[in-house]
$ cat entry09.txt   # compact mmCIF, C-alpha atoms
# COMPACT_ATOMS: atom_id res chain seq x y z
CA MET A 127 -42.24 0.78 25.80
CA ASN A 128 -39.04 2.60 26.74
CA LEU A 129 -35.61 1.53 25.56
CA GLN A 130 -32.14 2.99 25.99
CA VAL A 131 -30.50 3.23 22.55
CA ASN A 132 -26.89 4.44 22.52
CA GLY A 133 -27.45 6.12 25.86
CA LYS A 134 -30.63 7.94 24.82
CA ASN A 135 -34.23 7.21 25.70
CA TYR A 136 -36.21 5.66 22.83
CA GLN A 137 -39.99 5.38 23.06
CA SER A 138 -42.19 3.07 21.05
CA ASP A 139 -45.99 2.85 21.12
CA THR A 140 -45.91 -0.87 20.37
CA ASP A 141 -43.79 -3.83 21.39
CA LEU A 142 -40.78 -4.28 19.14
CA THR A 143 -38.52 -7.02 17.91
CA LEU A 144 -34.91 -6.18 17.14
CA GLY A 145 -35.71 -6.38 13.43
CA GLN A 146 -38.60 -3.93 13.80
CA LEU A 147 -36.37 -1.50 15.71
CA PHE A 148 -33.82 -1.64 12.87
CA LYS A 149 -36.60 -0.78 10.39
CA GLN A 150 -37.69 2.19 12.50
CA LEU A 151 -34.10 3.42 12.75
CA ASP A 152 -33.48 2.71 9.04
CA LEU A 153 -30.52 0.43 9.81
CA SER A 154 -29.31 -2.48 7.72
CA PRO A 155 -28.95 -5.49 10.08
CA GLU A 156 -25.99 -6.92 8.11
CA ARG A 157 -23.98 -3.76 8.77
CA VAL A 158 -24.71 -3.46 12.45
CA VAL A 159 -23.12 -4.78 15.61
CA ILE A 160 -25.42 -4.75 18.58
CA GLU A 161 -24.89 -5.02 22.30
CA LEU A 162 -28.14 -5.83 24.10
CA ASN A 163 -27.87 -5.42 27.86
CA GLN A 164 -24.08 -5.64 27.54
CA LYS A 165 -24.15 -8.84 25.52
CA ILE A 166 -22.96 -8.85 21.89
CA LEU A 167 -25.45 -10.51 19.52
CA GLN A 168 -25.12 -11.86 15.98
CA THR A 169 -27.53 -9.32 14.59
CA THR A 170 -28.88 -11.30 11.67
CA ASP A 171 -29.65 -14.33 13.88
CA ASN A 172 -31.62 -12.23 16.35
CA LEU A 173 -34.05 -10.21 14.24
CA ASP A 174 -37.01 -11.93 15.95
CA THR A 175 -35.70 -11.28 19.45
CA GLU A 176 -38.39 -9.39 21.36
CA LEU A 177 -37.21 -6.31 23.17
CA ARG A 178 -38.35 -5.66 26.72
CA GLU A 179 -39.09 -2.53 28.72
CA GLY A 180 -35.83 -0.93 29.87
CA ASP A 181 -33.56 -2.89 27.52
CA GLN A 182 -30.26 -1.18 26.91
CA LEU A 183 -28.91 -1.26 23.36
CA GLU A 184 -25.62 -0.11 21.93
CA ILE A 185 -25.80 -0.05 18.15
CA ILE A 186 -22.73 0.39 16.00
CA GLN A 187 -23.39 0.78 12.30
CA PHE A 188 -20.36 0.21 10.10
CA VAL A 189 -19.85 2.21 6.93
CA GLY A 190 -17.81 0.93 3.98
CA GLY A 191 -14.17 1.68 3.31
CA GLY A 192 -10.78 0.35 4.27
CA MET B 265 39.69 4.64 27.62
CA ILE B 266 36.60 6.45 26.38
CA LYS B 267 33.06 5.14 26.02
CA ILE B 268 31.19 5.55 22.75
CA GLN B 269 28.03 4.09 21.19
CA PHE B 270 29.09 2.04 18.18
CA ASN B 271 26.18 0.94 15.97
CA GLU B 272 23.89 1.61 18.94
CA VAL B 273 25.92 -0.67 21.28
CA PRO B 274 28.22 0.67 24.06
CA LEU B 275 31.92 0.25 23.27
CA GLU B 276 35.13 1.19 25.13
CA ILE B 277 38.04 2.34 22.97
CA PRO B 278 41.51 3.78 23.78
CA ASN B 279 41.70 7.52 24.19
CA GLY B 280 42.95 9.15 20.98
CA THR B 281 41.30 6.67 18.59
CA SER B 282 40.22 8.25 15.31
CA LEU B 283 37.14 7.44 13.29
CA HIS B 284 39.15 5.81 10.52
CA GLN B 285 41.14 3.74 13.02
CA LEU B 286 37.86 2.54 14.51
CA ARG B 287 36.61 1.60 11.06
CA ALA B 288 39.81 -0.34 10.30
CA LYS B 289 39.37 -2.31 13.51
CA GLN B 290 35.57 -2.80 13.68
CA GLN B 291 34.08 -2.60 10.20
CA PRO B 292 36.68 -2.19 7.43
CA GLY B 293 34.07 -2.46 4.67
CA ALA B 294 31.96 0.45 5.93
CA ASP B 295 31.53 3.17 3.31
CA ILE B 296 29.18 5.44 5.24
CA LEU B 297 30.30 6.91 8.57
CA ILE B 298 27.87 8.85 10.75
CA ILE B 299 29.02 10.81 13.79
CA ASN B 300 26.32 12.03 16.16
CA GLY B 301 23.75 11.99 13.39
CA PHE B 302 25.88 13.63 10.68
CA PRO B 303 27.50 11.74 7.79
CA THR B 304 31.19 12.51 7.42
CA VAL B 305 34.01 11.54 5.05
CA GLU B 306 36.91 13.16 6.91
CA ASP B 307 38.73 11.52 9.79
CA TYR B 308 37.74 12.65 13.28
CA LEU B 309 39.17 12.27 16.76
CA LEU B 310 36.59 10.35 18.76
CA LYS B 311 35.41 11.81 22.06
CA ASN B 312 33.64 10.30 25.05
CA ALA B 313 29.89 9.70 24.45
CA ASP B 314 30.14 10.04 20.66
CA GLN B 315 27.56 8.07 18.71
CA VAL B 316 29.04 6.30 15.73
CA ILE B 317 27.10 4.44 13.05
CA MET B 318 28.90 2.60 10.25
CA ILE B 319 27.09 1.28 7.21
CA GLN B 320 28.29 -0.88 4.37
CA ARG B 321 26.02 -0.17 1.44
CA GLY B 322 24.14 -3.26 0.23
CA VAL B 323 24.93 -5.37 3.29
CA ILE B 324 21.90 -6.53 5.28
CA PRO B 325 22.38 -6.57 9.06
CA ASP B 326 21.73 -9.92 10.73
CA ALA B 327 18.86 -10.37 13.20
CA ASP B 328 20.92 -9.45 16.30
CA GLN B 329 22.43 -6.36 14.67
CA LEU B 330 19.04 -5.13 13.45
CA GLU B 331 17.58 -5.79 16.91
CA ALA B 332 20.26 -3.61 18.50
CA LEU B 333 19.75 -0.88 15.90
CA MET B 334 15.96 -0.92 16.35
CA MET B 335 16.08 -1.18 20.13
CA ALA B 336 17.99 2.09 20.26
CA ARG B 337 14.93 3.83 18.83
CA HIS B 338 12.57 2.40 21.43
CA THR B 339 12.19 3.12 25.10
CA PRO B 340 13.88 0.39 27.20
CA GLY B 341 11.42 -2.40 27.97
CA VAL B 342 9.11 -1.43 25.11
CA HIS B 343 10.92 -3.33 22.41
CA ALA B 344 11.10 -6.59 24.37
CA ARG B 345 7.36 -6.53 25.04
CA ILE B 346 6.24 -5.90 21.50
CA ALA B 347 8.79 -8.31 20.03
CA GLN B 348 7.01 -11.14 21.84
CA SER B 349 3.54 -10.16 20.71
CA ARG B 350 1.31 -11.57 18.01
CA VAL B 351 -1.22 -9.39 16.20
CA GLY B 352 -3.97 -10.49 13.79
CA ILE B 353 -5.01 -8.29 10.85
CA ALA B 354 -8.19 -9.15 8.93
CA GLY B 355 -7.95 -7.43 5.55
CA ALA B 356 -4.87 -6.30 3.63
CA GLY B 357 -6.24 -3.27 1.81
CA GLY B 358 -5.72 0.40 2.57
CA LEU B 359 -6.01 -0.09 6.31
CA GLY B 360 -4.43 -3.53 6.69
CA SER B 361 -1.38 -2.91 4.51
CA ASN B 362 -0.58 0.35 6.31
CA ILE B 363 -1.19 -1.16 9.76
CA ALA B 364 1.00 -4.19 9.01
CA ILE B 365 3.88 -1.97 7.88
CA ALA B 366 3.61 0.28 10.94
CA LEU B 367 3.58 -2.71 13.29
CA ALA B 368 6.48 -4.41 11.50
CA ARG B 369 8.53 -1.21 11.67
CA VAL B 370 7.86 -0.80 15.36
CA GLY B 371 8.99 -4.38 15.96
CA VAL B 372 5.88 -6.47 16.61
CA GLY B 373 7.24 -10.02 16.55
CA GLN B 374 4.46 -11.89 14.77
CA LEU B 375 1.77 -10.80 12.35
CA VAL B 376 -1.11 -12.93 11.07
CA ILE B 377 -2.66 -11.37 7.95
CA ALA B 378 -5.74 -12.61 6.05
CA ASP B 379 -7.22 -11.41 2.75
CA PHE B 380 -8.84 -13.12 -0.24
CA ASP B 381 -8.12 -10.43 -2.81
CA LEU B 382 -5.54 -9.69 -5.52
CA VAL B 383 -3.63 -6.43 -6.00
CA GLU B 384 -5.51 -4.35 -8.60
CA PRO B 385 -4.29 -1.18 -10.33
CA SER B 386 -6.86 0.98 -8.49
CA ASN B 387 -5.49 -0.21 -5.13
CA LEU B 388 -2.28 1.74 -5.72
CA ASN B 389 -4.08 5.00 -4.81
CA ARG B 390 -3.81 4.12 -1.11
CA GLN B 391 -2.58 0.60 -0.45
CA GLN B 392 1.04 -0.28 0.28
CA TYR B 393 1.74 -2.22 -2.91
CA PHE B 394 3.88 -1.58 -5.98
CA ILE B 395 3.04 -1.52 -9.65
CA ASP B 396 5.00 -4.71 -10.27
CA GLN B 397 2.79 -6.53 -7.73
CA ILE B 398 -0.47 -6.10 -9.68
CA GLY B 399 -2.21 -9.47 -9.88
CA LEU B 400 -0.47 -11.02 -6.87
CA PRO B 401 -2.53 -12.12 -3.87
CA LYS B 402 -2.40 -9.16 -1.48
CA VAL B 403 -1.18 -11.24 1.44
CA MET B 404 1.77 -12.53 -0.61
CA ALA B 405 2.67 -9.07 -1.87
CA LEU B 406 2.40 -7.65 1.65
CA LYS B 407 4.55 -10.39 3.13
CA GLU B 408 7.17 -9.65 0.49
CA ASN B 409 7.10 -5.93 1.35
CA LEU B 410 7.26 -6.57 5.10
CA GLN B 411 10.28 -8.80 4.60
CA ARG B 412 12.02 -6.07 2.66
CA ILE B 413 11.49 -3.76 5.64
CA ASN B 414 12.32 -6.23 8.41
CA PRO B 415 13.07 -9.83 7.43
CA TYR B 416 12.99 -10.91 11.07
CA VAL B 417 9.27 -10.18 11.62
CA LYS B 418 7.39 -13.47 11.41
CA THR B 419 4.44 -13.12 9.05
CA GLU B 420 1.74 -15.78 8.70
CA ILE B 421 -0.64 -15.33 5.81
CA PHE B 422 -4.06 -16.75 4.98
CA THR B 423 -5.43 -16.39 1.46
CA GLY B 424 -9.19 -16.65 1.65
CA ARG B 425 -12.33 -15.24 3.17
CA ILE B 426 -12.75 -14.99 6.91
CA ASN B 427 -16.06 -16.24 8.31
CA PRO B 428 -17.36 -17.02 11.81
CA GLN B 429 -16.31 -20.67 11.32
CA ASN B 430 -12.62 -20.10 10.53
CA LEU B 431 -11.99 -16.85 12.44
CA MET B 432 -10.66 -18.39 15.66
CA GLN B 433 -8.53 -20.91 13.79
CA VAL B 434 -6.87 -18.45 11.41
CA PHE B 435 -6.10 -15.95 14.17
CA ALA B 436 -5.32 -18.46 16.94
CA GLY B 437 -3.22 -17.06 19.77
CA VAL B 438 -3.24 -13.39 18.82
CA ASP B 439 -2.80 -10.81 21.60
CA VAL B 440 -4.75 -8.13 19.72
CA MET B 441 -7.08 -8.41 16.72
CA VAL B 442 -7.46 -5.76 14.03
CA GLU B 443 -10.51 -5.40 11.76
CA ALA B 444 -9.31 -3.86 8.49
CA PHE B 445 -11.96 -4.95 6.01
CA ASP B 446 -13.60 -2.76 3.37
CA ALA B 447 -17.23 -3.97 3.18
CA PRO B 448 -19.47 -2.93 6.08
CA GLU B 449 -21.10 -6.40 6.24
CA GLN B 450 -17.66 -7.99 6.67
CA LYS B 451 -16.71 -5.45 9.33
CA ALA B 452 -19.89 -6.18 11.30
CA MET B 453 -19.50 -9.96 10.89
CA LEU B 454 -15.92 -9.96 12.13
CA THR B 455 -16.61 -7.59 15.01
CA ALA B 456 -19.65 -9.46 16.32
CA SER B 457 -17.98 -12.87 15.90
CA HIS B 458 -14.75 -11.84 17.55
CA LEU B 459 -16.41 -10.12 20.50
CA GLN B 460 -18.57 -13.19 21.06
CA MET B 461 -15.90 -15.86 20.64
CA ALA B 462 -12.82 -14.08 22.01
CA PRO B 463 -14.17 -11.50 24.47
CA ASP B 464 -10.83 -11.32 26.32
CA CYS B 465 -8.83 -10.41 23.22
CA PRO B 466 -8.96 -6.67 22.39
CA LEU B 467 -10.36 -5.74 18.97
CA VAL B 468 -9.45 -2.57 17.06
CA ALA B 469 -11.93 -1.91 14.24
CA ALA B 470 -12.47 0.99 11.83
CA SER B 471 -15.46 2.72 10.26
CA GLY B 472 -15.60 5.96 8.27
CA MET B 473 -12.42 7.21 6.60
CA ALA B 474 -13.38 7.91 2.97
CA GLY B 475 -12.91 11.18 1.11
CA TYR B 476 -10.89 14.16 2.30
CA ALA B 477 -12.92 15.48 5.23
CA ALA B 478 -11.04 16.96 8.20
CA SER B 479 -8.21 14.81 9.55
CA ASN B 480 -9.22 15.47 13.15
CA SER B 481 -12.68 14.01 12.65
CA ILE B 482 -11.03 10.58 12.74
CA GLN B 483 -11.01 9.46 16.35
CA THR B 484 -10.25 6.46 18.53
CA GLN B 485 -13.23 5.54 20.67
CA LYS B 486 -13.81 2.84 23.26
CA ILE B 487 -17.20 1.27 22.54
CA CYS B 488 -17.20 -1.37 25.29
CA LYS B 489 -14.72 -3.63 27.06
CA ASN B 490 -12.03 -4.74 24.58
CA PHE B 491 -13.67 -3.04 21.59
CA TYR B 492 -12.12 0.11 20.13
CA LEU B 493 -13.45 1.82 17.02
CA ILE B 494 -11.49 4.20 14.81
CA GLY B 495 -12.84 6.60 12.21
CA ASP B 496 -15.43 9.34 11.88
CA GLN B 497 -18.14 6.62 11.75
CA ILE B 498 -19.94 8.49 8.97
CA THR B 499 -18.05 8.90 5.70
CA ALA B 500 -18.67 5.75 3.69
CA ALA B 501 -16.82 4.91 0.51
CA GLN B 502 -19.30 5.62 -2.29
CA PRO B 503 -19.38 7.13 -5.79
CA GLY B 504 -18.11 10.71 -5.50
CA GLN B 505 -16.44 10.00 -2.16
CA GLY B 506 -13.64 7.56 -2.79
CA LEU B 507 -11.02 6.18 -0.46
CA MET B 508 -7.83 8.24 -0.56
CA ALA B 509 -4.37 7.62 0.81
CA PRO B 510 -4.12 10.42 3.41
CA ARG B 511 -7.28 9.74 5.37
CA VAL B 512 -7.03 5.95 5.12
CA SER B 513 -3.45 6.25 6.41
CA ILE B 514 -4.63 8.42 9.31
CA ALA B 515 -7.18 5.77 10.32
CA ALA B 516 -4.57 3.02 9.88
CA GLY B 517 -2.18 5.03 12.05
CA HIS B 518 -4.82 5.30 14.75
CA GLN B 519 -5.39 1.56 14.58
CA ALA B 520 -1.68 0.68 14.71
CA ASN B 521 -1.13 3.06 17.63
CA ALA B 522 -4.16 1.61 19.45
CA VAL B 523 -2.59 -1.86 19.03
CA LEU B 524 0.74 -0.58 20.34
CA ARG B 525 -0.88 1.08 23.34
CA ILE B 526 -2.83 -2.08 24.20
CA LEU B 527 0.35 -4.18 23.97
CA LEU B 528 2.06 -1.75 26.34
CA GLY B 529 -0.82 -1.79 28.82
CA GLU B 530 -2.20 1.66 27.99
CA GLN B 531 -5.76 2.68 27.10
CA PRO B 532 -5.94 3.34 23.35
CA GLU B 533 -8.12 6.43 23.61

$ encode --input "entry09.txt" --output "structure tokens"
Amino acid sequence: MNLQVNGKNYQSDTDLTLGQLFKQLDLSPERVVIELNQKILQTTDNLDTELREGDQLEIIQFVGGG
Amino acid sequence: MIKIQFNEVPLEIPNGTSLHQLRAKQQPGADILIINGFPTVEDYLLKNADQVIMIQRGVIPDADQLEALMMARHTPGVHARIAQSRVGIAGAGGLGSNIAIALARVGVGQLVIADFDLVEPSNLNRQQYFIDQIGLPKVMALKENLQRINPYVKTEIFTGRINPQNLMQVFAGVDVMVEAFDAPEQKAMLTASHLQMAPDCPLVAASGMAGYAASNSIQTQKICKNFYLIGDQITAAQPGQGLMAPRVSIAAGHQANAVLRILLGEQPE
């Protein structure tokens, strides 16, 4: 399947859930804010959400410090 | 008659009035006299368009006087708009304490500040607290410091942790929200919750300002509608790469200026 992740094409051989995508990208779900097709999601509540062909994702990963 | 600016307010005085005569009439207790930006002790014959400031050491101006003095430093129309605004700041550490001070100095009317933490000795490397405030709740210490800068800024404080359940209640009615937490999980929680529950209220968040990497790598970026992110988005606070005053202040300055630009109807980028 093909996804748009932060404006770039992302290809996967298998279907993916959001949680599986995070694993592939080595992201920690608790530190991420995600916009799926222009809708902000509570990341940790949506790890089982199945992604679909053509989904557009904006992923912001926060780093510590303030 | 000639027209001068006296303590930032227009004033007409008789031709031939001297500085000391003006003091005797307007502010006999003044011990510091400033003419057109320069302190002076000698008497001086006042001319049209002179700017005169008189200060009595140790005397605190009242709200109206301070307003006039501050307004003179702002573009007309700017001060009135920001004086009516209400800004929420989640976190009173290196970012939050610097942002709050910048916004109070610029004349934001109301600040709502939340933090659960106490002032610790290590915080003094970058946070706007003093050594005699160690052990105080940060929000109390910050309120105290803001009141020493401008006692007429209204500051509401919340001592405790922010979560998705209390977020909207603690920061009810804010015009702009600022994320100024330290932990990445807290930053993500606040950002996602705010954008979901208050999508019409702009959010200014920060990520990546540790260490002493280049100043210009810290940027203000629009992520999506009403969500602005400040920082280099990479440099995390970690062993060997601590948080330091200069770069944290740069990020805080970006955040405060983004807030100001939003309040004045400009794009923060």

$ interface_residues --input "entry09.txt" --of "chain A" --to "chain B" --cutoff "12 Å" --atoms "only C-alpha atoms" --output "JSON, numbers by chain"
{"A": [132, 133, 154, 155, 156, 157, 158, 159, 160, 161, 162, 163, 164, 165, 166, 167, 168, 169, 170, 171, 183, 184, 185, 186, 187, 188, 189, 190, 191, 192]}

$ atom_distance --input "entry09.txt" --atom1 "CA of Gln392 (chain B)" --atom2 "CA of His338 (chain B)"
24.2 Å

$ atom_distance --input "entry09.txt" --atom1 "CA of Val351 (chain B)" --atom2 "CA of Pro401 (chain B)"
20.3 Å

$ atom_distance --input "entry09.txt" --atom1 "CA of Gln531 (chain B)" --atom2 "CA of Ala436 (chain B)"
23.5 Å

$ closest_residue --input "entry09.txt" --among "B:Val417, B:Leu309, B:Leu275, B:Ala509" --to "Leu330 (chain B)" --atoms "all atoms listed in the file"
B:Val417

$ residues_around --input "entry09.txt" --residues "Val383 (chain B)" --least-positions-apart "6" --cutoff "7 Å" --atoms "all atoms listed in the file" --output "list in words"
Gln397, Ile398, Gly399, Leu400, Pro401 and Lys402 of chain B

$ residues_around --input "entry09.txt" --residues "region 291-304 of chain B" --least-positions-apart "2" --cutoff "12 Å" --atoms "all atoms listed in the file" --output "PyMOL selection string"
chain B and resi 268-272+282-289+306-323

$ residues_near_point --input "entry09.txt" --point "(-10.2, 9.1, 19.6)" --cutoff "10 Å" --atoms "only C-alpha atoms" --output "number ranges by chain"
B: 480-486, 492-496, 518, 522, 532-533

$ residues_around --input "entry09.txt" --residues "Met127 (chain A)" --least-positions-apart "3" --cutoff "8 Å" --atoms "only C-alpha atoms" --output "MDAnalysis selection string"
chainID A and resid 137:141 178:180

$ residues_around --input "entry09.txt" --residues "Phe491 (chain B)" --least-positions-apart "6" --cutoff "7 Å" --atoms "only C-alpha atoms" --output "list in words"
Pro466, Leu467 and Val468 of chain B

$ write_last_selection --input "entry09.txt" --atoms "C-alpha atoms" --output "short mmCIF file (atom, residue, chain, number, x, y, z; two decimals), in the frame of the given file"
data_model
loop_
_atom_site.label_atom_id
_atom_site.label_comp_id
_atom_site.auth_asym_id
_atom_site.auth_seq_id
_atom_site.Cartn_x
_atom_site.Cartn_y
_atom_site.Cartn_z
CA PRO B 466 -8.96 -6.67 22.39
CA LEU B 467 -10.36 -5.74 18.97
CA VAL B 468 -9.45 -2.57 17.06
#

$ residues_near_point --input "entry09.txt" --point "(42.2, 8.6, 25.5)" --cutoff "9 Å" --atoms "only C-alpha atoms" --output "list in words"
Met265, Ile266, Ile277, Pro278, Asn279, Gly280, Thr281, Leu310, Lys311 and Asn312 of chain B

$ write_last_selection --input "entry09.txt" --atoms "C-alpha atoms" --output "short mmCIF file (atom, residue, chain, number, x, y, z; two decimals), keeping the file's coordinate frame"
data_model
loop_
_atom_site.label_atom_id
_atom_site.label_comp_id
_atom_site.auth_asym_id
_atom_site.auth_seq_id
_atom_site.Cartn_x
_atom_site.Cartn_y
_atom_site.Cartn_z
CA MET B 265 39.69 4.64 27.62
CA ILE B 266 36.60 6.45 26.38
CA ILE B 277 38.04 2.34 22.97
CA PRO B 278 41.51 3.78 23.78
CA ASN B 279 41.70 7.52 24.19
CA GLY B 280 42.95 9.15 20.98
CA THR B 281 41.30 6.67 18.59
CA LEU B 310 36.59 10.35 18.76
CA LYS B 311 35.41 11.81 22.06
CA ASN B 312 33.64 10.30 25.05
#

$ residues_around --input "entry09.txt" --residues "Thr175 (chain A)" --least-positions-apart "6" --cutoff "10 Å" --atoms "all atoms listed in the file" --output "MDAnalysis selection string"
chainID A and resid 142:146 169

$ build_atoms --input "entry09.txt" --residues "region 168-192 of chain A" --atoms "N, CA and C atoms" --output "mmCIF file, in the frame of the given file"
data_model
loop_
_atom_site.group_PDB
_atom_site.id
_atom_site.type_symbol
_atom_site.label_atom_id
_atom_site.label_comp_id
_atom_site.auth_asym_id
_atom_site.auth_seq_id
_atom_site.Cartn_x
_atom_site.Cartn_y
_atom_site.Cartn_z
ATOM 1 N N GLN A 168 -25.210 -11.768 17.434
ATOM 2 C CA GLN A 168 -25.120 -11.860 15.980
ATOM 3 C C GLN A 168 -26.422 -11.258 15.459
ATOM 4 N N THR A 169 -26.330 -10.083 14.913
ATOM 5 C CA THR A 169 -27.530 -9.320 14.590
ATOM 6 C C THR A 169 -28.508 -10.090 13.720
ATOM 7 N N THR A 170 -27.984 -10.684 12.645
ATOM 8 C CA THR A 170 -28.880 -11.300 11.670
ATOM 9 C C THR A 170 -29.577 -12.542 12.219
ATOM 10 N N ASP A 171 -29.001 -13.161 13.275
ATOM 11 C CA ASP A 171 -29.650 -14.330 13.880
ATOM 12 C C ASP A 171 -30.692 -13.932 14.918
ATOM 13 N N ASN A 172 -30.783 -12.641 15.223
ATOM 14 C CA ASN A 172 -31.620 -12.230 16.350
ATOM 15 C C ASN A 172 -32.692 -11.206 15.977
ATOM 16 N N LEU A 173 -33.072 -11.212 14.683
ATOM 17 C CA LEU A 173 -34.050 -10.210 14.240
ATOM 18 C C LEU A 173 -35.407 -10.408 14.903
ATOM 19 N N ASP A 174 -35.719 -11.655 15.315
ATOM 20 C CA ASP A 174 -37.010 -11.930 15.950
ATOM 21 C C ASP A 174 -36.975 -11.769 17.473
ATOM 22 N N THR A 175 -35.805 -11.442 18.001
ATOM 23 C CA THR A 175 -35.700 -11.280 19.450
ATOM 24 C C THR A 175 -36.608 -10.139 19.908
ATOM 25 N N GLU A 176 -37.453 -10.416 20.882
ATOM 26 C CA GLU A 176 -38.390 -9.390 21.360
ATOM 27 C C GLU A 176 -37.709 -8.521 22.415
ATOM 28 N N LEU A 177 -37.804 -7.238 22.224
ATOM 29 C CA LEU A 177 -37.210 -6.310 23.170
ATOM 30 C C LEU A 177 -38.143 -6.112 24.354
ATOM 31 N N ARG A 178 -37.550 -5.824 25.517
ATOM 32 C CA ARG A 178 -38.350 -5.660 26.720
ATOM 33 C C ARG A 178 -38.147 -4.271 27.313
ATOM 34 N N GLU A 179 -39.138 -3.839 28.062
ATOM 35 C CA GLU A 179 -39.090 -2.530 28.720
ATOM 36 C C GLU A 179 -37.736 -2.343 29.429
ATOM 37 N N GLY A 180 -37.084 -1.243 29.180
ATOM 38 C CA GLY A 180 -35.830 -0.930 29.870
ATOM 39 C C GLY A 180 -34.589 -1.534 29.257
ATOM 40 N N ASP A 181 -34.739 -2.296 28.163
ATOM 41 C CA ASP A 181 -33.560 -2.890 27.520
ATOM 42 C C ASP A 181 -32.577 -1.791 27.121
ATOM 43 N N GLN A 182 -31.302 -2.118 27.302
ATOM 44 C CA GLN A 182 -30.260 -1.180 26.910
ATOM 45 C C GLN A 182 -29.561 -1.690 25.651
ATOM 46 N N LEU A 183 -29.530 -0.850 24.620
ATOM 47 C CA LEU A 183 -28.910 -1.260 23.360
ATOM 48 C C LEU A 183 -27.794 -0.304 22.971
ATOM 49 N N GLU A 184 -26.667 -0.893 22.587
ATOM 50 C CA GLU A 184 -25.620 -0.110 21.930
ATOM 51 C C GLU A 184 -25.593 -0.585 20.489
ATOM 52 N N ILE A 185 -25.762 0.331 19.562
ATOM 53 C CA ILE A 185 -25.800 -0.050 18.150
ATOM 54 C C ILE A 185 -24.662 0.653 17.424
ATOM 55 N N ILE A 186 -23.810 -0.163 16.806
ATOM 56 C CA ILE A 186 -22.730 0.390 16.000
ATOM 57 C C ILE A 186 -23.029 0.047 14.552
ATOM 58 N N GLN A 187 -23.184 1.057 13.715
ATOM 59 C CA GLN A 187 -23.390 0.780 12.300
ATOM 60 C C GLN A 187 -22.093 1.061 11.536
ATOM 61 N N PHE A 188 -21.593 0.034 10.864
ATOM 62 C CA PHE A 188 -20.360 0.210 10.100
ATOM 63 C C PHE A 188 -20.659 0.832 8.738
ATOM 64 N N VAL A 189 -19.774 1.710 8.302
ATOM 65 C CA VAL A 189 -19.850 2.210 6.930
ATOM 66 C C VAL A 189 -18.662 1.633 6.153
ATOM 67 N N GLY A 190 -18.813 1.586 4.826
ATOM 68 C CA GLY A 190 -17.810 0.930 3.980
ATOM 69 C C GLY A 190 -16.541 1.743 3.818
ATOM 70 N N GLY A 191 -15.444 1.028 3.601
ATOM 71 C CA GLY A 191 -14.170 1.680 3.310
ATOM 72 C C GLY A 191 -13.053 1.129 4.159
ATOM 73 N N GLY A 192 -11.918 0.881 3.513
ATOM 74 C CA GLY A 192 -10.780 0.350 4.270
ATOM 75 C C GLY A 192 -9.577 0.147 3.393
#
